[in-house]
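A quick write-up on the structure given underneath.
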Amino acid sequence: MNNTPKTFIFLYYIIKLPVIDANTGKRIGRVLDLAAALKEMYPKVTGLIMRDKEGKKNYIPWKNVKMLTEEKGVFVENTPEAFQPDFKLAENEILLKETFLDKQIVDIHGSKVVRVNDLHLLREGLNLWVVHMDIGITGLIRRLGCIKIFNFIVNLVSSYELQDRLISWKHVQPINGPIGNDSLSLKVHHSKLAELHPADIADIIIDLGTEERLNILKSMDSATAASTIQELPLRVRLQVADLLDQKSLVDIINEMAIDEVVDLFSQLPKKKITNLFSRLPEEKVAQISDLLGHAQDIAGSIMNTEFVSLKHNMTAGMVLEKIKEVKKKISVYYIYVLDDADLLVGVLTLQQLLMAPAEKIISEFMRKRVAKVKVNTKIKDVAEVFYKYDFTVVPVIDKSGKMQGIITMKDAFESVFHQIRQETEEIK
């Protein structure tokens, strides 16, 4: 952009403007919509859709626009290529009014679903860029044609000044907007939703319809989709699992924490589980089957079998190198120390490792008294361990003392208060 004076204009003021032949000064139609390209950071207007006097639609490239005023209209140069009745939008083009007005979008900054009432365009000479979405009541009133009267009444009865509610295009994630055989969300180079915390994305998805939920999840990579699904209420997770195609669902399951997978599988029909088992790695199937076999009220039913454990005779430097090599997406809350018989004998924090000399043996500075629970410990008793010791994670051992998994505080308390969780899900 150059130093040409800039101003702003709302899409409402352009739609329905008369289109005038710049050569003859005669009105030849009215503006129906504007087309914009998604190549740049902000969509740039590339053409207008005009309805002529015979009621036919024509595409006019924006380079043919010679003047634009709210008072007189849009003046276009009448050239052979100016009017395209059998037009087809380019792959990166969208229609602004058709795509956005009265549609739902995701406000990334506010982490919520909002309705678009108007578009705010930056004007630089004859160039136009979409820079804001108007989601406030003023946008709706403006389109009803009574914004001046409304402002007069508001000013008459109070000193309150009605402000436009605008959100930047940078903070917008389209949900749904079919264009040809594609959807707008798939035309965006990368999902802006990935910038949000999975819990925030889950809150957004809960507010959407079924089709929009699937569109959002399919626009993400498998890891982000998995983290998001884990934050959804169980009833929504089940709905998503039922509607997603098998390949997408398997890719997401492979990225989910094993305890979350077990929660999901425990509610799926047997036929669905069998189909998924046939597509999942044998190791994962064995883990899921083993955990599904535990009673629902014991520690084994909610534990995660993916954790970091290392031998007691390793040095701090060796342990740090091993942690770097961990390929699975495991949160390193604690590092559990095992003896030669694979029995749990100690625990380390990452802070302890970083502060210890690299050559020091971990058994010399590990915490030897480890609060732990057994696989068959009642979940209610597991929650009491968290309450007593104020831990975020507790290890799970079998009868012989071998480590089997870990339980997070979140999973423990969600299981204890499952009735409260169910009531919360119903409210959502």
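Naming works like this for the structure tokens: A, B, ... for the chains as they're shown, residue 1 at the start of each chain, ligands 1 onward in shown order.
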7 Å contact set for range 79-96 of chain A, only C-alpha atoms, chain neighbours under 2 positions out, as a list in words: Asp33, Leu34, Ala35, Ala36, Ala37, Leu38, Lys39, Lys57, Asn58, Tyr59, Ile60, Pro61, Asn64, Glu77, Glu98, Thr99 and Phe100 of chain A
Residues near Val370 in chain A, anyone? I mean within 12 Å using only C-alpha atoms, not counting same-chain ones fewer than 4 positions away, as number ranges by chain. A: 334-338, 343-348, 366, 385, 389, 391, 393-397, 401, 403
Of the residues A:Ile205, A:Ile9, A:Leu214, A:Ile379, which is the one nearest to Val113 in chain A, using only C-alpha atoms?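 Distance minimum relative to Val113 in chain A lands on A:Ile205.
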One decimal, Å: what's the distance from CA of Gly29 in chain A over to CA of Thr7 in chain A, could you say?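 CA of Gly29 in chain A sits 25.8 Å away from CA of Thr7 in chain A.
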For Trp129 in chain A: contacts at 10 Å, only C-alpha atoms, fewer than 4 positions along chain excluded, given as a PDB file with N, CA and C atoms, in the first residue's frame:
```
ATOM      1  N   PHE A   8     -12.362   4.323   5.462  1.00  0.00           N
ATOM      2  CA  PHE A   8     -13.083   3.075   5.618  1.00  0.00           C
ATOM      3  C   PHE A   8     -14.495   3.216   5.073  1.00  0.00           C
ATOM      4  N   ALA A  36     -13.647 -11.073  -3.568  1.00  0.00           N
ATOM      5  CA  ALA A  36     -12.347 -10.743  -2.978  1.00  0.00           C
ATOM      6  C   ALA A  36     -11.442 -11.963  -3.020  1.00  0.00           C
ATOM      7  N   ALA A  37     -10.139 -11.722  -3.129  1.00  0.00           N
ATOM      8  CA  ALA A  37      -9.147 -12.799  -3.182  1.00  0.00           C
ATOM      9  C   ALA A  37      -8.507 -12.988  -1.814  1.00  0.00           C
ATOM     10  N   GLU A  40      -3.691 -12.397   0.032  1.00  0.00           N
ATOM     11  CA  GLU A  40      -2.942 -11.533   0.944  1.00  0.00           C
ATOM     12  C   GLU A  40      -3.430 -11.696   2.378  1.00  0.00           C
ATOM     13  N   MET A  41      -2.749 -10.983   3.308  1.00  0.00           N
ATOM     14  CA  MET A  41      -3.147 -11.065   4.716  1.00  0.00           C
ATOM     15  C   MET A  41      -4.598 -10.635   4.892  1.00  0.00           C
ATOM     16  N   TYR A  42      -4.986  -9.570   4.155  1.00  0.00           N
ATOM     17  CA  TYR A  42      -6.375  -9.126   4.170  1.00  0.00           C
ATOM     18  C   TYR A  42      -6.957  -9.353   2.771  1.00  0.00           C
ATOM     19  N   PRO A  43      -8.165  -9.927   2.681  1.00  0.00           N
ATOM     20  CA  PRO A  43      -8.773 -10.169   1.366  1.00  0.00           C
ATOM     21  C   PRO A  43      -8.909  -8.872   0.581  1.00  0.00           C
ATOM     22  N   LYS A  44      -8.464  -8.885  -0.666  1.00  0.00           N
ATOM     23  CA  LYS A  44      -8.536  -7.703  -1.516  1.00  0.00           C
ATOM     24  C   LYS A  44      -9.667  -7.864  -2.521  1.00  0.00           C
ATOM     25  N   VAL A  45     -10.480  -6.816  -2.680  1.00  0.00           N
ATOM     26  CA  VAL A  45     -11.607  -6.864  -3.618  1.00  0.00           C
ATOM     27  C   VAL A  45     -11.063  -6.945  -5.047  1.00  0.00           C
ATOM     28  N   THR A  46     -11.573  -7.932  -5.783  1.00  0.00           N
ATOM     29  CA  THR A  46     -11.085  -8.188  -7.141  1.00  0.00           C
ATOM     30  C   THR A  46     -12.157  -7.979  -8.213  1.00  0.00           C
ATOM     31  N   HIS A 120     -16.295  -4.301   7.189  1.00  0.00           N
ATOM     32  CA  HIS A 120     -15.630  -3.012   7.241  1.00  0.00           C
ATOM     33  C   HIS A 120     -14.447  -3.070   6.275  1.00  0.00           C
ATOM     34  N   LEU A 121     -14.463  -2.230   5.260  1.00  0.00           N
ATOM     35  CA  LEU A 121     -13.458  -2.276   4.210  1.00  0.00           C
ATOM     36  C   LEU A 121     -12.524  -1.075   4.298  1.00  0.00           C
ATOM     37  N   LEU A 122     -11.241  -1.333   4.150  1.00  0.00           N
ATOM     38  CA  LEU A 122     -10.261  -0.253   4.062  1.00  0.00           C
ATOM     39  C   LEU A 122     -10.189   0.184   2.604  1.00  0.00           C
ATOM     40  N   ARG A 123     -10.293   1.496   2.399  1.00  0.00           N
ATOM     41  CA  ARG A 123     -10.283   2.034   1.039  1.00  0.00           C
ATOM     42  C   ARG A 123      -9.024   2.866   0.826  1.00  0.00           C
ATOM     43  N   GLU A 124      -8.278   2.530  -0.206  1.00  0.00           N
ATOM     44  CA  GLU A 124      -7.079   3.263  -0.576  1.00  0.00           C
ATOM     45  C   GLU A 124      -7.204   3.585  -2.059  1.00  0.00           C
TER      46      GLU A 124
END
```
Suppose you want the space between CA of Pro198 in chain A and CA of Val262 in chain A; what is it in Å?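 Computed distance, CA of Pro198 in chain A to CA of Val262 in chain A, equals 19.5 Å.
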For a quick check of understanding, using only C-alpha atoms, which of A:Pro18, A:Gly136, A:Gly300, A:Pro269 has the smallest distance to Lys378 in chain A?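 The shortest atom-to-atom distance to Lys378 in chain A comes from A:Gly300.
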Closest of A:Thr138, A:Ser248, A:Ser289, A:Gln351 to Tyr12 in chain A - atom-to-atom distances counting only C-alpha atoms: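 Closest candidate: A:Thr138.
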For Tyr13 in chain A, list every protein, DNA or RNA residue within 10 Å, evaluated using only C-alpha atoms, and leave out those in the same chain fewer than 2 positions away; present the list as a list of chain:residue names.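 In the requested format, the answer is A:Ile9, A:Phe10, A:Leu11, A:Ile15, A:Lys16, A:Leu17, A:Thr69, A:Glu70, A:Glu71, A:Gly73, A:Asp118, A:Arg142, A:Arg143.
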CA of Gly55 in chain A and CA of Asn78 in chain A are how many Å apart?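 Interatomic distance here is 18.4 Å.
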Among range 347-390 of chain A, which ones does DSSP place in strand (DSSP E or B), written as a list of chain:residue names? A:Val347, A:Leu348, A:Ile361, A:Arg367, A:Val373, A:Lys374, A:Lys378
Could you write out the selected residues, including N, CA and C atoms, as a PDB file, in the first residue's frame?
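Everything below was put into part.pdb:
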```pdb
ATOM      1  N   VAL A 347      11.139 -41.193  42.327  1.00  0.00           N
ATOM      2  CA  VAL A 347      10.563 -40.238  41.378  1.00  0.00           C
ATOM      3  C   VAL A 347      11.415 -38.977  41.337  1.00  0.00           C
ATOM      4  N   LEU A 348      11.478 -38.357  40.144  1.00  0.00           N
ATOM      5  CA  LEU A 348      12.246 -37.128  39.946  1.00  0.00           C
ATOM      6  C   LEU A 348      11.373 -36.082  39.278  1.00  0.00           C
ATOM      7  N   ILE A 361      24.443 -39.918  39.592  1.00  0.00           N
ATOM      8  CA  ILE A 361      23.496 -41.035  39.446  1.00  0.00           C
ATOM      9  C   ILE A 361      22.150 -40.608  40.036  1.00  0.00           C
ATOM     10  N   ARG A 367      13.619 -38.838  44.868  1.00  0.00           N
ATOM     11  CA  ARG A 367      12.744 -38.938  46.028  1.00  0.00           C
ATOM     12  C   ARG A 367      12.329 -40.405  46.153  1.00  0.00           C
ATOM     13  N   VAL A 373      -0.666 -45.600  43.972  1.00  0.00           N
ATOM     14  CA  VAL A 373      -1.878 -46.402  44.161  1.00  0.00           C
ATOM     15  C   VAL A 373      -1.757 -47.669  43.335  1.00  0.00           C
ATOM     16  N   LYS A 374      -2.576 -48.658  43.683  1.00  0.00           N
ATOM     17  CA  LYS A 374      -2.560 -49.911  42.933  1.00  0.00           C
ATOM     18  C   LYS A 374      -3.648 -49.893  41.859  1.00  0.00           C
ATOM     19  N   LYS A 378      -9.737 -48.176  44.646  1.00  0.00           N
ATOM     20  CA  LYS A 378     -10.976 -47.495  44.292  1.00  0.00           C
ATOM     21  C   LYS A 378     -10.682 -46.035  43.894  1.00  0.00           C
TER      22      LYS A 378
END
```
Using only C-alpha atoms: which of A:Ile206, A:Ala341, A:Val319, A:Val375 has the shortest distance to Glu359 in chain A: A:Val319
Surrounding residues of Val285 in chain A excluding itself and chain neighbours under 4 positions, 12 Å, only C-alpha atoms, as a compact mmCIF listing (two decimals) with C-alpha atoms, in the first residue's frame:
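File written: out-v1.txt
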```txt
# COMPACT_ATOMS: atom_id res chain seq x y z
CA VAL A 250 -8.32 -43.41 13.53
CA ILE A 253 -7.40 -41.65 18.16
CA ASN A 254 -3.71 -42.32 17.51
CA ILE A 258 -4.82 -43.63 26.05
CA VAL A 261 -9.43 -43.23 24.22
CA VAL A 262 -10.65 -45.75 26.77
CA PHE A 265 -14.42 -46.67 23.58
CA ILE A 273 -14.99 -50.77 18.31
CA THR A 274 -14.27 -53.85 16.17
CA ASN A 275 -13.96 -51.71 13.04
CA LEU A 276 -11.60 -49.29 14.77
CA PHE A 277 -9.49 -52.10 16.23
CA SER A 278 -8.95 -53.45 12.70
CA ARG A 279 -7.35 -50.10 11.71
CA LEU A 280 -5.37 -49.30 14.87
CA PRO A 281 -1.81 -50.56 15.64
CA SER A 289 -8.44 -53.84 25.47
CA ASP A 290 -6.50 -54.24 28.71
CA LEU A 291 -7.81 -50.99 30.18
CA LEU A 292 -11.38 -51.69 29.04
```
For the helix (DSSP H, G or I) assignment from backbone DSSP, which residues of range 205-409 of chain A qualify? Please present them as a PyMOL selection string. chain A and resi 205-206+210-218+222-229+234-243+246-253+258-265+270-277+282-292+299-301+316-325+350-355+362-364+379-389+409
Tell me which of A:Met256, A:Ala316, A:Met409, A:Ala225 sits closest to Ile288 in chain A, counting only C-alpha atoms.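 Answer, going by the shortest atom-to-atom distance: A:Met256.
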Residue with smallest distance to Ile229 in chain A - pool A:Leu208, A:Val131, A:Ile252, A:Leu68, counting only C-alpha atoms: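 That would be A:Ile252, the residue with the smallest distance to Ile229 in chain A.
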Show which residues sit within 12 Å of Gln239 in chain A, as number ranges by chain. Count only C-alpha atoms, and ignore same-chain residues fewer than 3 positions away. A: 206, 209-211, 213-214, 229, 232-236, 242-244, 249, 264, 267-268
Print the selection's residues with C-alpha atoms to a file, as a compact mmCIF listing (two decimals), in the first residue's frame.
```
# COMPACT_ATOMS: atom_id res chain seq x y z
CA ILE A 206 -20.04 -26.94 21.47
CA GLY A 209 -24.13 -27.29 14.62
CA THR A 210 -23.09 -30.79 13.60
CA GLU A 211 -21.88 -29.89 10.12
CA ARG A 213 -18.24 -29.04 14.08
CA LEU A 214 -17.00 -31.51 11.50
CA ILE A 229 -11.95 -33.67 21.28
CA LEU A 232 -15.45 -31.95 24.67
CA PRO A 233 -18.31 -33.36 26.77
CA LEU A 234 -18.63 -37.12 26.30
CA ARG A 235 -21.96 -36.82 24.47
CA VAL A 236 -20.37 -34.50 21.88
CA ASP A 242 -20.13 -41.40 14.93
CA LEU A 243 -19.98 -38.82 12.12
CA LEU A 244 -16.26 -38.68 11.30
CA LEU A 249 -11.21 -40.91 13.44
CA LEU A 264 -14.54 -42.96 24.45
CA GLN A 267 -19.36 -45.86 25.27
CA LEU A 268 -19.05 -46.97 21.64
```
